[in-house]
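Colleague: Just structure02.cif, nothing more (mmCIF, C-alpha atoms):
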```cif
data_final
loop_
_atom_site.group_PDB
_atom_site.id
_atom_site.type_symbol
_atom_site.label_atom_id
_atom_site.label_comp_id
_atom_site.auth_asym_id
_atom_site.auth_seq_id
_atom_site.Cartn_x
_atom_site.Cartn_y
_atom_site.Cartn_z
ATOM 1 C CA MET A 966 121.241 78.969 28.828
ATOM 2 C CA VAL A 967 117.555 79.047 29.703
ATOM 3 C CA ILE A 968 116.083 81.027 32.605
ATOM 4 C CA ASN A 969 112.380 80.908 33.439
ATOM 5 C CA THR A 970 111.094 82.796 36.507
ATOM 6 C CA LYS A 971 107.542 81.460 36.306
ATOM 7 C CA GLU A 972 107.371 80.152 39.904
ATOM 8 C CA ILE A 973 108.873 83.227 41.555
ATOM 9 C CA ALA A 974 106.733 85.553 39.441
ATOM 10 C CA SER A 975 103.586 83.625 40.402
ATOM 11 C CA ARG A 976 104.467 83.898 44.102
ATOM 12 C CA ILE A 977 105.068 87.638 43.853
ATOM 13 C CA LYS A 978 101.845 88.300 41.917
ATOM 14 C CA LEU A 979 99.760 86.070 44.197
ATOM 15 C CA GLY A 980 101.363 87.552 47.328
ATOM 16 C CA THR A 981 100.605 91.089 46.193
ATOM 17 C CA MET A 982 96.969 90.236 45.461
ATOM 18 C CA LEU A 983 96.566 88.339 48.732
ATOM 19 C CA LEU A 984 98.083 91.161 50.771
ATOM 20 C CA THR A 985 95.743 93.644 49.072
ATOM 21 C CA LEU A 986 92.724 91.518 49.982
ATOM 22 C CA VAL A 987 93.907 91.137 53.601
ATOM 23 C CA TYR A 988 94.513 94.897 53.828
ATOM 24 C CA ALA A 989 91.044 95.679 52.446
ATOM 25 C CA GLY A 990 89.397 93.150 54.787
ATOM 26 C CA LEU A 991 91.188 94.481 57.871
ATOM 27 C CA LEU A 992 90.412 98.065 56.925
ATOM 28 C CA VAL A 993 86.703 97.371 56.429
ATOM 29 C CA ALA A 994 86.502 95.309 59.639
ATOM 30 C CA ALA A 995 88.277 98.018 61.629
ATOM 31 C CA LEU A 996 85.891 100.670 60.343
ATOM 32 C CA VAL A 997 82.724 98.586 60.777
ATOM 33 C CA PHE A 998 83.541 97.323 64.283
ATOM 34 C CA ALA A 999 85.240 100.577 65.383
ATOM 35 C CA TRP A 1000 88.362 98.884 66.737
ATOM 36 C CA SER A 1001 90.160 102.200 67.024
ATOM 37 C CA PRO A 1002 88.079 105.268 67.991
ATOM 38 C CA LYS A 1003 90.675 107.738 66.656
ATOM 39 C CA HIS A 1004 91.487 105.549 63.619
ATOM 40 C CA TYR A 1005 95.160 105.065 64.503
ATOM 41 C CA PHE A 1006 95.004 101.401 63.481
ATOM 42 C CA GLU A 1007 93.623 102.280 60.042
ATOM 43 C CA ILE A 1008 96.214 105.002 59.472
ATOM 44 C CA ILE A 1009 99.151 102.784 60.463
ATOM 45 C CA LEU A 1010 97.798 99.891 58.385
ATOM 46 C CA SER A 1011 97.409 102.174 55.355
ATOM 47 C CA ILE A 1012 100.920 103.583 55.728
ATOM 48 C CA LEU A 1013 102.421 100.076 55.913
ATOM 49 C CA TYR A 1014 100.450 99.004 52.839
ATOM 50 C CA LEU A 1015 101.593 102.091 50.904
ATOM 51 C CA PHE A 1016 105.235 101.358 51.815
ATOM 52 C CA PHE A 1017 104.793 97.805 50.525
ATOM 53 C CA LEU A 1018 103.290 99.057 47.245
ATOM 54 C CA ALA A 1019 106.054 101.657 46.862
ATOM 55 C CA PHE A 1020 108.662 98.891 47.285
ATOM 56 C CA ILE A 1021 106.928 96.756 44.630
ATOM 57 C CA PHE A 1022 106.811 99.709 42.213
ATOM 58 C CA VAL A 1023 110.461 100.629 42.803
ATOM 59 C CA LYS A 1024 111.693 97.052 42.296
ATOM 60 C CA ASN A 1025 109.578 96.731 39.111
ATOM 61 C CA TYR A 1026 109.486 92.931 39.193
ATOM 62 C CA SER A 1027 108.979 91.211 35.842
ATOM 63 C CA TYR A 1028 108.375 87.648 34.744
ATOM 64 C CA ILE A 1029 111.397 86.755 32.612
ATOM 65 C CA PHE A 1030 111.998 83.988 30.098
ATOM 66 C CA TYR A 1031 115.534 84.064 28.678
ATOM 67 C CA ASN A 1032 116.867 81.602 26.081
ATOM 68 C CA SER A 1033 120.126 81.854 24.176
ATOM 69 C CA ASP A 1034 120.585 78.251 23.049
ATOM 70 C CA GLY A 1035 119.645 78.701 19.375
ATOM 71 C CA LEU A 1036 120.590 81.209 16.692
ATOM 72 C CA LYS A 1037 118.737 83.983 18.528
ATOM 73 C CA ILE A 1038 118.824 85.543 21.950
ATOM 74 C CA ILE A 1039 115.229 85.516 23.207
ATOM 75 C CA MET A 1040 114.088 87.626 26.166
ATOM 76 C CA ARG A 1041 110.383 87.606 27.017
ATOM 77 C CA TYR A 1042 109.132 89.643 29.950
ATOM 78 C CA THR A 1043 105.910 90.823 31.572
ATOM 79 C CA SER A 1044 105.605 93.380 34.350
ATOM 80 C CA LEU A 1045 104.212 92.103 37.659
ATOM 81 C CA GLN A 1046 103.103 95.515 38.886
ATOM 82 C CA PRO A 1047 99.446 95.886 39.815
ATOM 83 C CA LEU A 1048 97.228 97.096 36.947
ATOM 84 C CA SER A 1049 99.964 96.678 34.345
ATOM 85 C CA ALA A 1050 99.437 94.849 31.098
ATOM 86 C CA GLY A 1051 101.531 93.767 28.182
ATOM 87 C CA ASN A 1052 103.773 90.926 27.178
ATOM 88 C CA TYR A 1053 107.027 91.973 25.559
ATOM 89 C CA SER A 1054 109.572 90.000 23.593
ATOM 90 C CA ILE A 1055 113.057 90.814 22.375
ATOM 91 C CA GLU A 1056 114.503 88.448 19.759
ATOM 92 C CA ILE A 1057 118.009 89.271 18.578
ATOM 93 C CA PRO A 1058 119.977 87.244 16.019
ATOM 94 C CA LYS A 1059 123.362 86.459 17.568
ATOM 95 C CA ARG A 1060 125.188 87.853 14.519
ATOM 96 C CA ASP A 1061 123.547 91.294 15.067
ATOM 97 C CA PHE A 1062 124.195 91.447 18.820
ATOM 98 C CA VAL A 1063 126.687 94.162 19.804
ATOM 99 C CA LYS A 1064 126.708 94.292 23.614
ATOM 100 C CA ALA A 1065 124.596 94.259 26.755
ATOM 101 C CA GLU A 1066 124.998 96.254 29.924
ATOM 102 C CA ILE A 1067 123.423 96.302 33.362
ATOM 103 C CA VAL A 1068 122.424 99.658 34.793
ATOM 104 C CA ASN A 1069 121.593 100.022 38.490
ATOM 105 C CA SER A 1070 118.884 102.523 39.321
ATOM 106 C CA HIS A 1071 116.774 103.623 42.281
ATOM 107 C CA ILE A 1072 119.638 103.469 44.782
ATOM 108 C CA GLY A 1073 120.689 100.042 43.537
ATOM 109 C CA LEU A 1074 117.291 98.424 44.172
ATOM 110 C CA ARG A 1075 116.609 97.812 40.480
ATOM 111 C CA LYS A 1076 118.886 96.239 37.876
ATOM 112 C CA ASN A 1077 118.054 96.912 34.233
ATOM 113 C CA LEU A 1078 119.495 95.027 31.267
ATOM 114 C CA ILE A 1079 119.974 97.020 28.060
ATOM 115 C CA PHE A 1080 120.664 95.316 24.720
ATOM 116 C CA TYR A 1081 122.567 96.980 21.862
ATOM 117 C CA VAL A 1082 121.968 95.615 18.360
ATOM 118 C CA LYS A 1083 123.478 96.314 14.948
ATOM 119 C CA THR A 1084 120.900 97.581 12.401
ATOM 120 C CA PRO A 1085 121.259 98.987 8.869
ATOM 121 C CA GLN A 1086 120.858 102.501 10.351
ATOM 122 C CA GLY A 1087 123.525 101.960 13.040
ATOM 123 C CA ILE A 1088 123.484 100.705 16.626
ATOM 124 C CA ALA A 1089 120.038 100.397 18.235
ATOM 125 C CA LYS A 1090 119.396 100.407 21.973
ATOM 126 C CA PHE A 1091 116.465 98.392 23.347
ATOM 127 C CA LYS A 1092 114.209 99.493 26.177
ATOM 128 C CA PRO A 1093 115.637 98.386 29.571
ATOM 129 C CA VAL A 1094 114.420 95.090 31.034
ATOM 130 C CA SER A 1095 114.187 94.890 34.831
ATOM 131 C CA LEU A 1096 116.175 91.957 36.268
ATOM 132 C CA SER A 1097 115.100 92.516 39.894
ATOM 133 C CA ILE A 1098 113.490 89.081 40.115
ATOM 134 C CA LEU A 1099 116.749 87.255 39.291
ATOM 135 C CA ASN A 1100 119.358 86.310 41.870
ATOM 136 C CA LYS A 1101 123.023 87.315 41.539
ATOM 137 C CA SER A 1102 124.156 84.026 40.014
ATOM 138 C CA GLN A 1103 121.500 84.201 37.282
ATOM 139 C CA VAL A 1104 122.391 87.819 36.455
ATOM 140 C CA SER A 1105 126.108 87.004 36.305
ATOM 141 C CA GLY A 1106 125.359 83.931 34.172
ATOM 142 C CA ILE A 1107 123.428 86.035 31.664
ATOM 143 C CA MET A 1108 126.123 88.694 31.547
ATOM 144 C CA ASP A 1109 128.945 86.120 31.175
ATOM 145 C CA GLU A 1110 127.136 84.479 28.309
ATOM 146 C CA LEU A 1111 126.302 87.764 26.575
ATOM 147 C CA ASN A 1112 129.868 89.051 26.975
ATOM 148 C CA SER A 1113 131.231 85.860 25.395
ATOM 149 C CA LEU A 1114 129.243 86.417 22.172
#
```
Using the file provided, produce a representation of the structure as structure tokens.
Modeller:
Amino acid sequence: MVINTKEIASRIKLGTMLLTLVYAGLLVAALVFAWSPKHYFEIILSILYLFFLAFIFVKNYSYIFYNSDGLKIIMRYTSLQPLSAGNYSIEIPKRDFVKAEIVNSHIGLRKNLIFYVKTPQGIAKFKPVSLSILNKSQVSGIMDELNSL
């Protein structure tokens, strides 16, 4: 099974940047042309923008590339949050894979996938990977495949 969220991730990243530019342009235009003498427009616009950013941070969208066709389970992911950096990769040999579980957090808005792997020191737990960008059928497909291993 191969899952690549390149198109959706590009839309989310581009949409966030575009909305930030539109917000900044409207804010500057409102202040320069004095559209609102008591600045109600600017305050409401800023509150709406902050709610949008809070939603993006809570969802913690990530670009995900998942491949389990070979001898390894490969999960590559990159955060789509503003000002975040880093490309991460998890490569697990199928013979060392123990289990995977999905943990809901932030009132069910974020789904995190946690891998458990057998190591010489015992069972290791990987850092959670946010699956918020995937739809329900993709998440269930990943979990069905991982549970069958």
Colleague: Output, as JSON, the centre and edge lengths in Å (one decimal) of the axis-aligned box that contains all listed atoms of segment 969-983 of chain A with 3 Å of margin on each side.
Modeller:
```
{"center_x": 104.5, "center_y": 85.6, "center_z": 41.1, "size_x": 21.8, "size_y": 16.9, "size_z": 21.3}
```
Colleague: Which of these, A:Leu992, A:Leu1018, A:Ile1067, A:Ile1107, has the shortest distance to Val1094 of chain A once you count all atoms listed in the file?
Modeller: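 The shortest atom-to-atom distance to Val1094 of chain A comes from A:Ile1067.
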Colleague: Extract, using all atoms listed in the file, all DNA, RNA and protein residues at most 8 Å from segment 1046-1048 of chain A, discarding same-chain residues fewer than 6 positions from it, and format them as a list in words.
Modeller: Lys978, Ile1021, Phe1022, Asn1025, Tyr1026 and Ser1027 of chain A
Colleague: Report as a PDB file with C-alpha atoms, in the frame of the given file all protein, DNA and RNA residues lying within 6 Å of segment 969-975 of chain A, evaluated on all atoms listed in the file, omitting residues in the same chain fewer than 3 positions from it.
Modeller:
```
ATOM      1  CA  LYS A 978     101.845  88.300  41.917  1.00  0.00           C
ATOM      2  CA  LEU A 979      99.760  86.070  44.197  1.00  0.00           C
ATOM      3  CA  TYR A1028     108.375  87.648  34.744  1.00  0.00           C
ATOM      4  CA  ILE A1029     111.397  86.755  32.612  1.00  0.00           C
ATOM      5  CA  PHE A1030     111.998  83.988  30.098  1.00  0.00           C
TER       6      PHE A1030
END
```
Colleague: May I have the protein, DNA and RNA residues with any atom at most 10 Å from the point (123.2, 83.3, 17.0), counting all atoms listed in the file, written as a list of chain:residue names?
Modeller: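 Checking each residue against the 10 Å limit leaves A:Ser1033, A:Asp1034, A:Gly1035, A:Leu1036, A:Lys1037, A:Ile1038, A:Ile1057, A:Pro1058, A:Lys1059, A:Arg1060, A:Asp1061, A:Phe1062, A:Leu1114.
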Colleague: Please evaluate the PyMOL selection byres ((chain A and resi 1101-1104) around 12) against the structure above and give the resulting residues as a list in words.
Modeller: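 Expected selection for the PyMOL selection byres ((chain A and resi 1101-1104) around 12) here is Met966, Val967, Ile968, Asn969, Thr970, Ile1029, Phe1030, Tyr1031, Ala1065, Glu1066, Ile1067, Val1068, Lys1076, Asn1077, Leu1078, Ser1095, Leu1096, Ser1097, Ile1098, Leu1099, Asn1100, Ser1105, Gly1106, Ile1107, Met1108, Asp1109, Glu1110 and Leu1111 of chain A.
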Colleague: Take atom CA of Val1063 of chain A and atom CA of Lys1090 of chain A and report the distance between them in Å, one decimal.
Modeller: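 Calculated distance between atom CA of Val1063 of chain A and atom CA of Lys1090 of chain A is 9.8 Å.
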Colleague: Distance atom CA of Glu1007 of chain A-atom CA of Ala995 of chain A, one decimal place?
Modeller: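 Between these atoms lies a distance of 7.0 Å.
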Colleague: Just checking: using only C-alpha atoms, which residue out of A:Tyr1005, A:Phe1020, A:Tyr1042, A:Tyr1014 ends up closest to His1071 of chain A?
Modeller: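 The answer is A:Phe1020, which sits nearest to His1071 of chain A.
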Colleague: When the PyMOL selection byres ((chain A and resi 1054) around 8) is applied to the structure above, which residues does it catch, written out as a PyMOL selection string?
Modeller: chain A and resi 1039-1042+1052-1053+1055-1056
Colleague: Could you check how far atom CA of Leu986 of chain A sits from atom CA of Arg1075 of chain A, in Å to one decimal?
Modeller: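 Interatomic distance, atom CA of Leu986 of chain A to atom CA of Arg1075 of chain A: 26.5 Å.
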